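Next comes entry26.cif, a file with mmCIF, C-alpha atoms.
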data_data
#
loop_
_atom_site.label_atom_id
_atom_site.label_comp_id
_atom_site.auth_asym_id
_atom_site.auth_seq_id
_atom_site.Cartn_x
_atom_site.Cartn_y
_atom_site.Cartn_z
CA MET A 1 -7.93 -81.02 -33.76
CA THR A 2 -10.69 -82.16 -31.46
CA PRO A 3 -9.53 -85.76 -30.86
CA PRO A 4 -5.97 -84.86 -29.80
CA HIS A 5 -7.36 -82.16 -27.55
CA ASN A 6 -9.70 -84.61 -25.81
CA THR A 7 -7.23 -87.45 -25.37
CA PRO A 8 -5.38 -86.07 -22.33
CA GLU A 9 -8.62 -85.22 -20.50
CA PRO A 10 -9.27 -88.59 -18.75
CA PRO A 11 -6.04 -88.66 -16.69
CA ARG A 12 -6.46 -85.03 -15.63
CA PRO A 13 -8.76 -85.67 -12.66
CA GLU A 14 -6.09 -87.86 -11.04
CA SER A 15 -3.29 -85.34 -11.47
CA GLY A 16 -5.70 -82.55 -10.65
CA SER A 17 -6.65 -84.36 -7.49
CA THR A 18 -3.02 -84.58 -6.44
CA GLN A 19 -2.36 -80.95 -7.23
CA SER A 20 -5.45 -79.90 -5.36
CA HIS A 21 -4.43 -82.00 -2.36
CA ALA A 22 -0.93 -80.50 -2.38
CA HIS A 23 -2.42 -77.04 -2.75
CA ALA A 24 -4.56 -77.65 0.33
CA HIS A 25 -1.39 -78.42 2.28
CA THR A 26 0.19 -75.12 1.35
CA HIS A 27 -2.77 -73.33 2.96
CA SER A 28 -2.69 -75.32 6.18
CA HIS A 29 -2.83 -72.19 8.34
CA GLY A 30 -6.16 -71.13 6.87
CA PRO A 31 -9.59 -72.59 7.72
CA ALA A 32 -9.60 -76.23 8.77
CA ALA A 33 -10.26 -78.76 6.01
CA PRO A 34 -13.85 -80.06 6.13
CA VAL A 35 -14.39 -83.50 7.59
CA SER A 36 -16.79 -86.21 6.50
CA GLN A 37 -20.48 -85.91 7.27
CA HIS A 38 -20.37 -89.04 9.44
CA LEU A 39 -17.66 -87.55 11.63
CA ARG A 40 -19.55 -84.27 11.92
CA LYS A 41 -22.59 -86.20 13.14
CA VAL A 42 -20.51 -88.01 15.79
CA ILE A 43 -19.04 -84.72 17.09
CA ALA A 44 -22.47 -83.07 17.05
CA ALA A 45 -23.94 -86.02 18.99
CA VAL A 46 -21.47 -85.27 21.79
CA LEU A 47 -21.44 -81.48 21.77
CA ILE A 48 -25.12 -80.66 21.18
CA PRO A 49 -26.29 -82.40 24.40
CA PHE A 50 -23.42 -80.71 26.27
CA ALA A 51 -24.33 -77.26 24.92
CA THR A 52 -28.00 -77.95 25.73
CA ALA A 53 -27.09 -78.90 29.30
CA VAL A 54 -25.11 -75.64 29.65
CA LEU A 55 -28.10 -73.61 28.41
CA VAL A 56 -30.43 -75.44 30.83
CA GLY A 57 -27.95 -74.79 33.67
CA LEU A 58 -27.77 -71.08 32.80
CA ALA A 59 -31.56 -70.86 32.82
CA ALA A 60 -31.93 -72.82 36.06
CA PHE A 61 -29.30 -70.88 38.01
CA TRP A 62 -29.78 -67.45 36.41
CA PRO A 63 -29.73 -65.05 39.39
CA GLY A 64 -31.55 -62.03 37.97
CA GLY A 65 -29.18 -59.59 39.67
CA SER A 66 -27.16 -59.31 42.87
CA PRO A 67 -29.06 -59.38 46.19
CA ALA A 68 -29.42 -56.06 48.02
CA HIS A 69 -27.84 -55.52 51.45
CA GLU A 70 -27.13 -52.77 53.99
CA ARG A 71 -23.77 -51.12 53.33
CA THR A 72 -21.28 -51.75 56.12
CA GLY A 73 -18.96 -48.86 55.25
CA VAL A 74 -15.99 -51.25 55.47
CA GLY A 75 -13.47 -51.89 52.70
CA PHE A 76 -15.07 -51.97 49.25
CA ASP A 77 -18.55 -52.00 50.77
CA ARG A 78 -18.80 -48.21 50.93
CA GLN A 79 -20.82 -45.63 49.07
CA THR A 80 -18.45 -43.65 46.85
CA GLU A 81 -18.63 -40.54 44.70
CA ASP A 82 -16.29 -38.74 42.31
CA GLY A 83 -14.19 -35.83 43.51
CA ARG A 84 -11.43 -33.44 42.43
CA VAL A 85 -8.54 -31.78 44.26
CA VAL A 86 -9.11 -28.04 43.86
CA ARG A 87 -6.31 -26.78 46.09
CA VAL A 88 -3.25 -28.06 47.95
CA ASP A 89 -1.52 -26.04 50.70
CA ARG A 90 1.65 -27.03 52.52
CA VAL A 91 1.31 -26.75 56.31
CA ASP A 92 3.31 -27.60 59.39
CA CYS A 93 2.37 -31.10 60.60
CA ALA A 94 2.51 -29.93 64.22
CA ASP A 95 -0.38 -27.51 63.55
CA VAL A 96 -2.73 -30.04 61.93
CA ASN A 97 -1.78 -32.94 64.22
CA ALA A 98 -2.02 -30.96 67.45
CA GLY A 99 -4.46 -33.38 69.05
CA GLN A 100 -2.16 -36.39 68.73
CA VAL A 101 0.06 -37.80 71.46
CA PRO A 102 3.55 -36.18 71.27
CA PRO A 103 6.18 -38.58 69.93
CA THR A 104 8.83 -40.04 72.23
CA GLY A 105 11.59 -39.36 69.70
CA ASP A 106 12.26 -43.07 69.21
CA THR A 107 12.76 -43.60 65.46
CA SER A 108 13.91 -47.23 65.66
CA THR A 109 10.43 -48.52 64.77
CA PRO A 110 8.12 -47.64 61.84
CA SER A 111 5.43 -46.32 64.21
CA GLY A 112 8.01 -44.19 66.01
CA ARG A 113 9.28 -42.68 62.74
CA GLU A 114 5.73 -41.93 61.61
CA ALA A 115 4.92 -40.23 64.92
CA VAL A 116 7.99 -38.00 64.64
CA ASN A 117 7.22 -37.05 61.03
CA GLU A 118 3.61 -36.26 61.94
CA GLN A 119 4.87 -33.63 64.40
CA THR A 120 8.01 -32.27 62.72
CA GLY A 121 7.44 -32.83 58.98
CA GLU A 122 5.55 -30.88 56.33
CA CYS A 123 2.00 -32.03 55.58
CA LYS A 124 -0.40 -31.23 52.76
CA LYS A 125 -3.83 -29.69 53.31
CA ALA A 126 -5.91 -30.67 50.27
CA THR A 127 -9.31 -29.12 49.52
CA ILE A 128 -11.51 -31.66 47.76
CA GLU A 129 -14.68 -30.90 45.79
CA VAL A 130 -17.35 -33.60 45.41
CA THR A 131 -18.30 -33.73 41.71
CA SER A 132 -21.09 -36.35 41.68
CA GLY A 133 -24.10 -37.36 43.77
CA LYS A 134 -26.53 -35.28 45.77
CA ASP A 135 -23.72 -33.26 47.40
CA ALA A 136 -22.01 -32.27 44.13
CA GLY A 137 -20.15 -28.98 44.64
CA ARG A 138 -19.57 -29.55 48.35
CA THR A 139 -15.95 -29.25 49.55
CA PHE A 140 -14.05 -30.80 52.44
CA VAL A 141 -10.45 -30.84 53.68
CA GLU A 142 -8.12 -33.86 53.64
CA ILE A 143 -4.80 -33.82 55.54
CA VAL A 144 -2.05 -35.84 53.80
CA GLN A 145 0.77 -36.94 56.09
CA PRO A 146 4.36 -36.81 54.74
CA ASP A 147 4.74 -40.61 54.97
CA ALA A 148 1.41 -41.35 53.23
CA ALA A 149 1.76 -43.71 50.28
CA ARG A 150 -0.75 -41.69 48.25
CA GLN A 151 0.08 -38.00 47.79
CA LEU A 152 -2.44 -35.58 46.25
CA SER A 153 -1.86 -32.81 43.69
CA GLN A 154 -4.03 -29.95 42.46
CA GLY A 155 -6.45 -30.89 39.66
CA GLN A 156 -6.19 -34.62 40.38
CA GLY A 157 -9.35 -36.72 40.22
CA VAL A 158 -10.13 -38.76 43.32
CA VAL A 159 -12.68 -41.24 44.63
CA VAL A 160 -14.33 -40.15 47.88
CA ALA A 161 -16.14 -42.37 50.39
CA TYR A 162 -19.42 -41.17 51.87
CA ALA A 163 -20.46 -42.07 55.44
CA PRO A 164 -24.03 -40.72 55.96
CA ASP A 165 -24.09 -41.49 59.70
CA ALA A 166 -20.89 -39.54 60.48
CA PRO A 167 -20.82 -35.85 61.57
CA ARG A 168 -21.19 -33.49 58.60
CA ASP A 169 -17.51 -32.45 58.57
CA LEU A 170 -16.39 -36.09 58.53
CA GLN A 171 -18.88 -37.56 56.07
CA TYR A 172 -16.48 -37.47 53.11
CA SER A 173 -12.92 -38.76 52.87
CA VAL A 174 -10.55 -39.63 50.02
CA THR A 175 -10.38 -43.37 49.50
CA ASP A 176 -8.56 -43.65 46.15
CA VAL A 177 -7.42 -41.75 43.08
CA ASP A 178 -9.43 -41.69 39.84
CA ARG A 179 -7.48 -43.73 37.31
CA SER A 180 -10.29 -44.13 34.76
CA PHE A 181 -8.49 -42.38 31.90
CA PRO A 182 -5.17 -44.31 31.97
CA MET A 183 -7.05 -47.61 32.39
CA ALA A 184 -9.37 -46.80 29.45
CA LEU A 185 -6.41 -45.72 27.34
CA LEU A 186 -4.54 -48.94 28.10
CA ALA A 187 -7.64 -51.00 27.22
CA GLY A 188 -7.95 -49.08 23.95
CA LEU A 189 -4.29 -49.72 23.07
CA PHE A 190 -4.78 -53.41 23.84
CA ALA A 191 -7.85 -53.62 21.58
CA LEU A 192 -6.04 -51.72 18.82
CA ALA A 193 -3.01 -54.04 18.99
CA VAL A 194 -5.20 -57.16 18.93
CA VAL A 195 -7.21 -55.97 15.89
CA ALA A 196 -4.15 -54.62 14.05
CA VAL A 197 -2.29 -57.93 14.30
CA GLY A 198 -5.18 -60.42 14.46
CA ARG A 199 -7.53 -58.57 12.08
CA LEU A 200 -10.90 -60.35 11.90
CA ARG A 201 -9.71 -63.14 14.20
CA GLY A 202 -8.51 -60.50 16.69
CA LEU A 203 -11.85 -58.68 16.51
CA MET A 204 -13.69 -61.94 17.21
CA ALA A 205 -11.35 -62.57 20.15
CA LEU A 206 -12.34 -59.19 21.62
CA VAL A 207 -16.03 -60.06 21.14
CA ALA A 208 -15.44 -63.38 22.94
CA LEU A 209 -13.62 -61.52 25.73
CA ALA A 210 -16.58 -59.15 26.18
CA VAL A 211 -19.03 -62.07 26.29
CA SER A 212 -16.83 -63.92 28.80
CA PHE A 213 -16.78 -60.85 31.04
CA ALA A 214 -20.57 -60.57 30.71
CA VAL A 215 -21.05 -64.22 31.77
CA LEU A 216 -18.76 -63.63 34.75
CA THR A 217 -20.47 -60.43 35.95
CA LEU A 218 -24.08 -61.21 35.02
CA PHE A 219 -24.22 -64.90 35.89
CA ILE A 220 -21.34 -66.35 37.94
CA LEU A 221 -20.87 -63.62 40.55
CA PRO A 222 -24.57 -62.81 41.21
CA ALA A 223 -25.50 -66.52 41.30
CA ILE A 224 -22.84 -67.18 43.96
CA LEU A 225 -24.11 -64.19 45.98
CA GLN A 226 -27.66 -65.57 45.72
CA GLY A 227 -26.47 -68.70 47.54
CA SER A 228 -26.08 -71.15 44.65
CA ASN A 229 -23.33 -73.77 44.90
CA PRO A 230 -20.14 -71.98 43.72
CA LEU A 231 -18.72 -75.15 42.12
CA VAL A 232 -21.86 -75.85 40.06
CA VAL A 233 -22.13 -72.20 39.03
CA ALA A 234 -18.43 -72.07 38.07
CA VAL A 235 -18.68 -75.24 35.98
CA ILE A 236 -21.77 -73.96 34.12
CA GLY A 237 -20.29 -70.48 33.63
CA ALA A 238 -16.86 -71.78 32.58
CA SER A 239 -18.50 -74.17 30.09
CA ALA A 240 -20.53 -71.32 28.59
CA ILE A 241 -17.42 -69.13 28.34
CA MET A 242 -15.48 -72.00 26.75
CA LEU A 243 -18.13 -72.70 24.10
CA ILE A 244 -18.63 -69.04 23.22
CA ALA A 245 -14.93 -68.13 23.19
CA LEU A 246 -13.66 -71.12 21.21
CA TYR A 247 -16.39 -71.18 18.56
CA THR A 248 -16.39 -67.38 18.19
CA CYS A 249 -12.62 -67.22 17.72
CA HIS A 250 -11.99 -70.42 15.77
CA GLY A 251 -15.26 -71.16 13.97
CA LEU A 252 -17.75 -74.03 13.97
CA THR A 253 -15.29 -76.70 12.83
CA ALA A 254 -14.38 -80.23 13.89
CA ARG A 255 -10.98 -78.91 14.96
CA THR A 256 -12.60 -76.48 17.41
CA SER A 257 -14.98 -79.18 18.65
CA VAL A 258 -12.06 -81.45 19.54
CA ALA A 259 -10.45 -78.54 21.46
CA VAL A 260 -13.76 -78.04 23.31
CA LEU A 261 -13.86 -81.73 24.30
CA GLY A 262 -10.24 -81.65 25.47
CA THR A 263 -10.89 -78.52 27.52
CA LEU A 264 -14.02 -80.01 29.06
CA ILE A 265 -12.25 -83.23 30.15
CA SER A 266 -9.39 -81.20 31.66
CA LEU A 267 -11.83 -78.93 33.54
CA VAL A 268 -13.54 -81.99 35.03
CA LEU A 269 -10.15 -83.29 36.19
CA ILE A 270 -9.28 -79.90 37.73
CA GLY A 271 -12.65 -79.81 39.51
CA LEU A 272 -12.20 -83.30 40.97
CA LEU A 273 -8.60 -82.73 42.09
CA GLY A 274 -9.40 -79.29 43.47
CA SER A 275 -12.36 -80.58 45.45
CA LEU A 276 -10.28 -83.45 46.86
CA PHE A 277 -7.26 -81.42 47.96
CA ILE A 278 -9.13 -78.33 49.17
CA GLY A 279 -11.14 -80.59 51.48
CA TRP A 280 -8.17 -82.75 52.46
CA ALA A 281 -5.99 -79.73 53.29
CA SER A 282 -8.88 -78.10 55.23
CA LEU A 283 -8.69 -74.87 53.21
CA THR A 284 -11.56 -72.58 54.23
CA GLY A 285 -11.14 -69.92 51.53
CA ASN A 286 -11.60 -67.25 54.23
CA THR A 287 -8.07 -65.89 54.59
CA ASP A 288 -8.10 -62.09 54.31
CA ASP A 289 -10.19 -59.00 54.97
CA ASN A 290 -12.04 -59.19 51.64
CA THR A 291 -13.10 -62.84 51.97
CA GLY A 292 -13.95 -62.18 55.63
CA LEU A 293 -16.19 -59.27 54.59
CA ILE A 294 -17.92 -61.43 51.95
CA HIS A 295 -18.53 -64.16 54.52
CA GLY A 296 -19.85 -61.58 57.00
CA LEU A 297 -22.27 -60.08 54.48
CA TYR A 298 -23.36 -63.42 53.00
CA PRO A 299 -22.78 -66.14 55.60
CA ASP A 300 -24.51 -68.77 53.42
CA ILE A 301 -21.76 -68.65 50.78
CA ASP A 302 -19.55 -71.75 50.80
CA MET A 303 -16.10 -70.10 50.91
CA SER A 304 -14.18 -73.31 50.16
CA GLY A 305 -16.49 -73.81 47.17
CA LEU A 306 -15.72 -70.24 46.13
CA LEU A 307 -12.01 -71.09 46.25
CA LEU A 308 -12.58 -74.13 44.02
CA ALA A 309 -14.64 -72.03 41.59
CA GLY A 310 -11.71 -69.62 41.35
CA VAL A 311 -9.35 -72.49 40.53
CA ILE A 312 -11.62 -73.67 37.68
CA ILE A 313 -12.19 -70.23 36.16
CA GLY A 314 -8.52 -69.27 36.55
CA SER A 315 -7.37 -72.38 34.68
CA LEU A 316 -9.83 -72.00 31.81
CA GLY A 317 -7.98 -69.29 29.89
CA VAL A 318 -4.70 -71.18 29.71
CA LEU A 319 -6.51 -74.46 28.97
CA ASP A 320 -8.13 -72.94 25.88
CA ASP A 321 -4.71 -71.97 24.55
CA VAL A 322 -3.21 -75.43 25.13
CA THR A 323 -6.10 -77.44 23.65
CA VAL A 324 -6.48 -75.25 20.54
CA THR A 325 -2.73 -75.38 19.89
CA GLN A 326 -2.52 -79.15 20.28
CA THR A 327 -5.54 -79.76 18.07
CA SER A 328 -4.17 -77.46 15.37
CA ALA A 329 -0.77 -79.18 15.55
CA VAL A 330 -2.29 -82.63 14.97
CA TRP A 331 -4.47 -81.32 12.11
CA GLU A 332 -1.45 -79.72 10.43
CA LEU A 333 0.57 -82.93 10.79
CA HIS A 334 -2.24 -84.92 9.19
CA GLN A 335 -2.55 -82.48 6.30
CA ALA A 336 1.21 -82.56 5.76
CA ASP A 337 1.21 -86.38 5.67
CA PRO A 338 -2.25 -87.96 5.28
CA THR A 339 -0.71 -91.46 5.57
CA MET A 340 0.11 -90.95 9.28
CA GLY A 341 -1.93 -93.20 11.55
CA VAL A 342 -3.22 -92.53 15.05
CA ARG A 343 -0.05 -93.72 16.78
CA ARG A 344 2.33 -91.64 14.64
CA LEU A 345 0.10 -88.58 14.88
CA TYR A 346 -0.07 -88.90 18.66
CA ARG A 347 3.71 -89.28 19.02
CA ALA A 348 4.43 -86.30 16.79
CA GLY A 349 1.78 -84.18 18.51
CA ILE A 350 2.93 -85.05 22.00
CA ARG A 351 6.49 -83.98 21.13
CA ILE A 352 5.11 -80.55 20.31
CA GLY A 353 3.01 -80.65 23.47
CA ARG A 354 5.99 -81.26 25.75
CA ASP A 355 7.48 -77.90 24.80
CA HIS A 356 4.10 -76.29 25.39
CA ILE A 357 3.76 -77.92 28.81
CA ALA A 358 7.13 -76.61 29.98
CA SER A 359 6.38 -73.01 29.03
CA VAL A 360 2.72 -72.94 30.14
CA VAL A 361 3.33 -74.48 33.60
CA ASN A 362 6.15 -72.03 34.23
CA THR A 363 3.88 -69.18 33.15
CA LEU A 364 1.10 -70.29 35.48
CA VAL A 365 3.40 -70.69 38.50
CA LEU A 366 5.02 -67.29 37.92
CA ALA A 367 1.61 -65.64 37.48
CA TYR A 368 0.42 -66.91 40.88
CA ALA A 369 3.79 -66.09 42.50
CA GLY A 370 3.61 -62.55 41.12
CA ALA A 371 0.10 -62.09 42.51
CA ALA A 372 1.22 -63.32 45.94
CA LEU A 373 4.53 -61.38 45.97
CA PRO A 374 3.63 -59.00 48.86
CA LEU A 375 2.60 -62.00 50.93
CA LEU A 376 5.85 -63.82 50.17
CA LEU A 377 7.79 -60.69 51.16
CA LEU A 378 6.04 -60.65 54.55
CA PHE A 379 7.05 -64.24 55.18
CA THR A 380 10.62 -63.45 54.15
CA ILE A 381 10.73 -60.51 56.56
CA ALA A 382 9.41 -62.74 59.35
CA GLN A 383 12.21 -65.24 58.55
CA SER A 384 9.73 -68.12 58.62
CA SER A 385 10.88 -71.57 57.57
CA VAL A 386 9.93 -72.83 54.10
CA GLY A 387 7.75 -75.54 55.64
CA ALA A 388 5.85 -73.07 57.82
CA VAL A 389 5.28 -70.75 54.87
CA ALA A 390 4.16 -73.50 52.49
CA THR A 391 1.68 -75.03 54.93
CA SER A 392 0.13 -71.76 56.14
CA GLU A 393 -3.37 -71.38 54.72
CA LEU A 394 -2.62 -68.20 52.79
CA VAL A 395 0.21 -69.82 50.82
CA ALA A 396 -1.30 -73.31 50.77
CA GLU A 397 -4.29 -71.91 48.88
CA GLU A 398 -2.01 -70.55 46.16
CA ILE A 399 0.00 -73.79 46.05
CA VAL A 400 -3.14 -75.92 45.65
CA ARG A 401 -4.50 -73.48 43.06
CA THR A 402 -1.24 -73.57 41.10
CA LEU A 403 -0.58 -77.31 41.25
CA VAL A 404 -4.16 -78.41 40.56
CA GLY A 405 -4.35 -76.03 37.59
CA SER A 406 -0.95 -77.21 36.35
CA ILE A 407 -1.97 -80.89 36.57
CA GLY A 408 -5.05 -80.08 34.50
CA LEU A 409 -2.90 -78.26 31.95
CA VAL A 410 -0.42 -81.13 31.72
CA ALA A 411 -3.24 -83.65 31.34
CA SER A 412 -4.91 -81.57 28.62
CA VAL A 413 -1.98 -82.13 26.25
CA PRO A 414 -2.17 -85.96 25.91
CA VAL A 415 -5.98 -85.92 26.20
CA THR A 416 -6.45 -83.37 23.42
CA THR A 417 -3.70 -84.88 21.28
CA VAL A 418 -5.18 -88.38 21.37
CA LEU A 419 -8.71 -87.02 20.68
CA ALA A 420 -7.44 -85.01 17.71
CA ALA A 421 -5.45 -87.96 16.36
CA LEU A 422 -8.47 -90.29 16.64
CA VAL A 423 -10.84 -87.80 15.01
CA VAL A 424 -8.60 -86.74 12.13
CA SER A 425 -7.56 -90.35 11.41
CA ALA A 426 -11.16 -91.56 11.45
CA ASP A 427 -12.06 -89.01 8.79
CA ARG A 428 -12.13 -91.12 5.64
CA THR A 429 -13.91 -89.71 2.57
CA GLU A 430 -15.40 -92.10 0.07
CA PRO A 431 -13.38 -92.60 -3.13
CA GLY A 432 -16.31 -91.45 -5.30
CA THR A 433 -16.64 -88.23 -3.35
CA ALA A 434 -12.91 -87.56 -3.36
CA ALA A 435 -12.68 -87.92 -7.11
CA GLY A 436 -15.26 -85.27 -7.76
CA ALA A 437 -14.26 -82.84 -5.03
CA PRO A 438 -10.86 -81.48 -6.15
CA ALA A 439 -11.91 -79.49 -9.20
CA PRO A 440 -14.21 -77.00 -7.42
CA ALA A 441 -11.85 -76.84 -4.45
CA ARG A 442 -8.92 -75.94 -6.73
CA THR A 443 -10.95 -73.33 -8.57
CA GLY A 444 -12.18 -71.73 -5.33
CA ARG A 445 -8.72 -71.63 -3.79
CA GLY A 446 -7.22 -70.29 -7.03
CA ARG A 447 -9.66 -67.41 -7.00
CA ARG A 448 -8.79 -66.57 -3.43
CA ARG A 449 -5.10 -66.68 -4.28
CA LYS A 450 -5.50 -64.25 -7.18
CA ALA A 451 -7.58 -61.95 -5.02
#
Please go through the file and, once you have read it, give me the structure as structure tokens.
Amino acid sequence: MTPPHNTPEPPRPESGSTQSHAHAHTHSHGPAAPVSQHLRKVIAAVLIPFATAVLVGLAAFWPGGSPAHERTGVGFDRQTEDGRVVRVDRVDCADVNAGQVPPTGDTSTPSGREAVNEQTGECKKATIEVTSGKDAGRTFVEIVQPDAARQLSQGQGVVVAYAPDAPRDLQYSVTDVDRSFPMALLAGLFALAVVAVGRLRGLMALVALAVSFAVLTLFILPAILQGSNPLVVAVIGASAIMLIALYTCHGLTARTSVAVLGTLISLVLIGLLGSLFIGWASLTGNTDDNTGLIHGLYPDIDMSGLLLAGVIIGSLGVLDDVTVTQTSAVWELHQADPTMGVRRLYRAGIRIGRDHIASVVNTLVLAYAGAALPLLLLFTIAQSSVGAVATSELVAEEIVRTLVGSIGLVASVPVTTVLAALVVSADRTEPGTAAGAPAPARTGRGRRRKA
């Protein structure tokens, strides 16, 4: 019985190899197939010096904290404490606004209507208790006009501004409402949804998000405030975020490394185009009260460089999505048909990329338009011409930001696709190695399947 049993054994490795190869294709959405050692060395030779340069840059530009300054008491640069509305009384506006100039009765203008309401309407007299800081327990009164956008209710948490140089009765005023709980709840729901659907991959994405936020708040922002070049700081910080986020979420694989290279090339293109057109269009980056306050507090900050840094960081998140998707698409195509060469892989991958380009560019444009919606409404009310609106600095900044970012996104598709096609096609395992590899691979995958 032994000879007949042993006769079929020699051909089995060949058929086993085919079955194992086909089995690998059915699991194409799992971990990326390993590449040859030679190819890993080539990728490492490119990425290790890059990662080392990023670490050196982080060490060289590490700020060690934000610089101290005297508070101006303007805008966000105010000392604030927590507070709570303990009582709300309805009063006649004429009694609490007695010191104001009597209205003329003209209600044809917004200021005229407000003046009339402040004398004839019903106001709210809110008693606010300070709940944090050295004056915790102290109360003050806030008058809420009937036309005020923010109305107060009893028991509501508020944020109060403290002006130490003002008279005692005027030292505290309500500057905002406390929305900590709804924001924390929303963040919790977001994290729960990501982990519930993404499982371990979703958890790693949240870790990468936390690290990205840490790089932004501990390195990029303080380094810019310390006077470092915003463009250099943004490039170093964005590179660190890219490396951490991609490798944390997608693993230390050749597929991820190709996505990193594609993202890096696209970021360089965005930086060059942004620098060219921000300078050419004479965009100062100092266009509103907040940027004006920053420039006043830290006059050494290059505001146009800050604008360019914002373009680079803003484009990074969408770039990661595009490059990872394109790399994965090319890898899947190669695993589905290993006979496809570089040219066929590129053509098939770029067809997928065109659909991605259309949706991503539209998303980016709408995101910027949504952020600038109040500004666009003001221009519409003023009945300004399209040319005047588009070339005004406020809108021109958003246009340059959107178009430069979109060009980088569009370029990332062919760049990443051709890199992925070259890498995956160059991965050729030796025949001797291939013959011996399938058996353990099939056994390992079979165990996972049964589990």
Next item on the list: Work out how far CA of Leu403 (chain A) is from CA of Val365 (chain A), in Å to one decimal.
Entry: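 CA of Val365 (chain A) sits 8.2 Å away from CA of Leu403 (chain A).
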Next item on the list: Starting from the displayed file, determine the output of the PyMOL selection byres ((chain A and resi 326) around 12) and express the residue list as a PyMOL selection string.
Entry: chain A and resi 255-256+258-260+262-263+319-325+327-333+345-357+409-421
Check: Which residues come within 10 Å of region 79-96 of chain A, counting all atoms listed in the file, excluding same-chain residues fewer than 6 positions away, as a VMD selection string?
Finding: chain A and resid 71 to 73 102 116 to 146 152 to 164 172 to 178
Next item on the list: Just give me the gap between CA of Ser425 (chain A) and CA of Val342 (chain A) in Å, one decimal is fine.
Entry: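 CA of Val342 (chain A) lies at a distance of 6.1 Å from CA of Ser425 (chain A).
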Next item on the list: Name every residue that the PyMOL selection byres ((chain A and resi 295-298) around 9) selects in this structure, writing the answer as a list in words with chains first and numbers rising.
Entry: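 Applying the PyMOL selection byres ((chain A and resi 295-298) around 9) to the structure shown produces His69, Glu70, Thr72, Leu225, Gln226, Gly227, Asn286, Asn290, Thr291, Gly292, Leu293, Ile294, Pro299, Asp300, Ile301, Asp302 and Met303 of chain A.
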Notebook entry, point to check: Care to translate the PyMOL selection byres ((chain A and resi 250) around 10) into actual residues of this file, as a list in words?
Noted result: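 Residues picked by the PyMOL selection byres ((chain A and resi 250) around 10): Pro31, Ala32, Arg201, Met204, Ala205, Ala245, Leu246, Tyr247, Thr248, Cys249, Gly251, Leu252, Thr253, Arg255, Thr256, Ser257 and Val324 of chain A.
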Notebook entry, point to check: Which residue gives the smallest distance to Ile48 (chain A) among A:Ala184, A:Leu261, A:Ala369, A:Val360, with all atoms listed in the file counted?
Noted result: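 Closest to Ile48 (chain A) of all the choices is A:Leu261.
Note that CA of Ile407 (chain A) and CA of Ala254 (chain A) are 25.9 Å apart.
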Next item on the list: Could you give me, as an MDAnalysis selection string, the residues within 9 Å of region 307-318 of chain A, counting only C-alpha atoms and dropping anything in the same chain fewer than 4 positions from it?
Entry: chainID A and resid 230:235 237:238 241:242 263 267:268 270:271 274:275 278 283:286 302:303 322:323 360 364 397 400:402 404:406 408:409
Missing atoms of region 313-323 of chain A rebuilt to N, CA and C atoms, written as a PDB file, keeping the file's coordinate frame:
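Done, and the output landed in out-v5.pdb:
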ATOM      1  N   ILE A 313     -12.120 -71.368  37.081  1.00  0.00           N
ATOM      2  CA  ILE A 313     -12.190 -70.230  36.160  1.00  0.00           C
ATOM      3  C   ILE A 313     -10.787 -69.735  35.813  1.00  0.00           C
ATOM      4  N   GLY A 314      -9.884 -69.726  36.796  1.00  0.00           N
ATOM      5  CA  GLY A 314      -8.520 -69.270  36.550  1.00  0.00           C
ATOM      6  C   GLY A 314      -7.760 -70.159  35.583  1.00  0.00           C
ATOM      7  N   SER A 315      -8.077 -71.452  35.566  1.00  0.00           N
ATOM      8  CA  SER A 315      -7.370 -72.380  34.680  1.00  0.00           C
ATOM      9  C   SER A 315      -7.928 -72.371  33.264  1.00  0.00           C
ATOM     10  N   LEU A 316      -9.156 -71.871  33.092  1.00  0.00           N
ATOM     11  CA  LEU A 316      -9.830 -72.000  31.810  1.00  0.00           C
ATOM     12  C   LEU A 316      -9.094 -71.283  30.676  1.00  0.00           C
ATOM     13  N   GLY A 317      -8.617 -70.063  30.955  1.00  0.00           N
ATOM     14  CA  GLY A 317      -7.980 -69.290  29.890  1.00  0.00           C
ATOM     15  C   GLY A 317      -6.746 -69.966  29.322  1.00  0.00           C
ATOM     16  N   VAL A 318      -5.904 -70.517  30.188  1.00  0.00           N
ATOM     17  CA  VAL A 318      -4.700 -71.180  29.710  1.00  0.00           C
ATOM     18  C   VAL A 318      -5.056 -72.508  29.048  1.00  0.00           C
ATOM     19  N   LEU A 319      -6.079 -73.195  29.563  1.00  0.00           N
ATOM     20  CA  LEU A 319      -6.510 -74.460  28.970  1.00  0.00           C
ATOM     21  C   LEU A 319      -6.935 -74.272  27.518  1.00  0.00           C
ATOM     22  N   ASP A 320      -7.696 -73.213  27.251  1.00  0.00           N
ATOM     23  CA  ASP A 320      -8.130 -72.940  25.880  1.00  0.00           C
ATOM     24  C   ASP A 320      -6.929 -72.854  24.939  1.00  0.00           C
ATOM     25  N   ASP A 321      -5.904 -72.152  25.379  1.00  0.00           N
ATOM     26  CA  ASP A 321      -4.710 -71.970  24.550  1.00  0.00           C
ATOM     27  C   ASP A 321      -4.043 -73.309  24.256  1.00  0.00           C
ATOM     28  N   VAL A 322      -3.894 -74.141  25.288  1.00  0.00           N
ATOM     29  CA  VAL A 322      -3.210 -75.430  25.130  1.00  0.00           C
ATOM     30  C   VAL A 322      -3.999 -76.348  24.205  1.00  0.00           C
ATOM     31  N   THR A 323      -5.309 -76.479  24.427  1.00  0.00           N
ATOM     32  CA  THR A 323      -6.100 -77.440  23.650  1.00  0.00           C
ATOM     33  C   THR A 323      -6.214 -77.017  22.187  1.00  0.00           C
TER      34      THR A 323
END
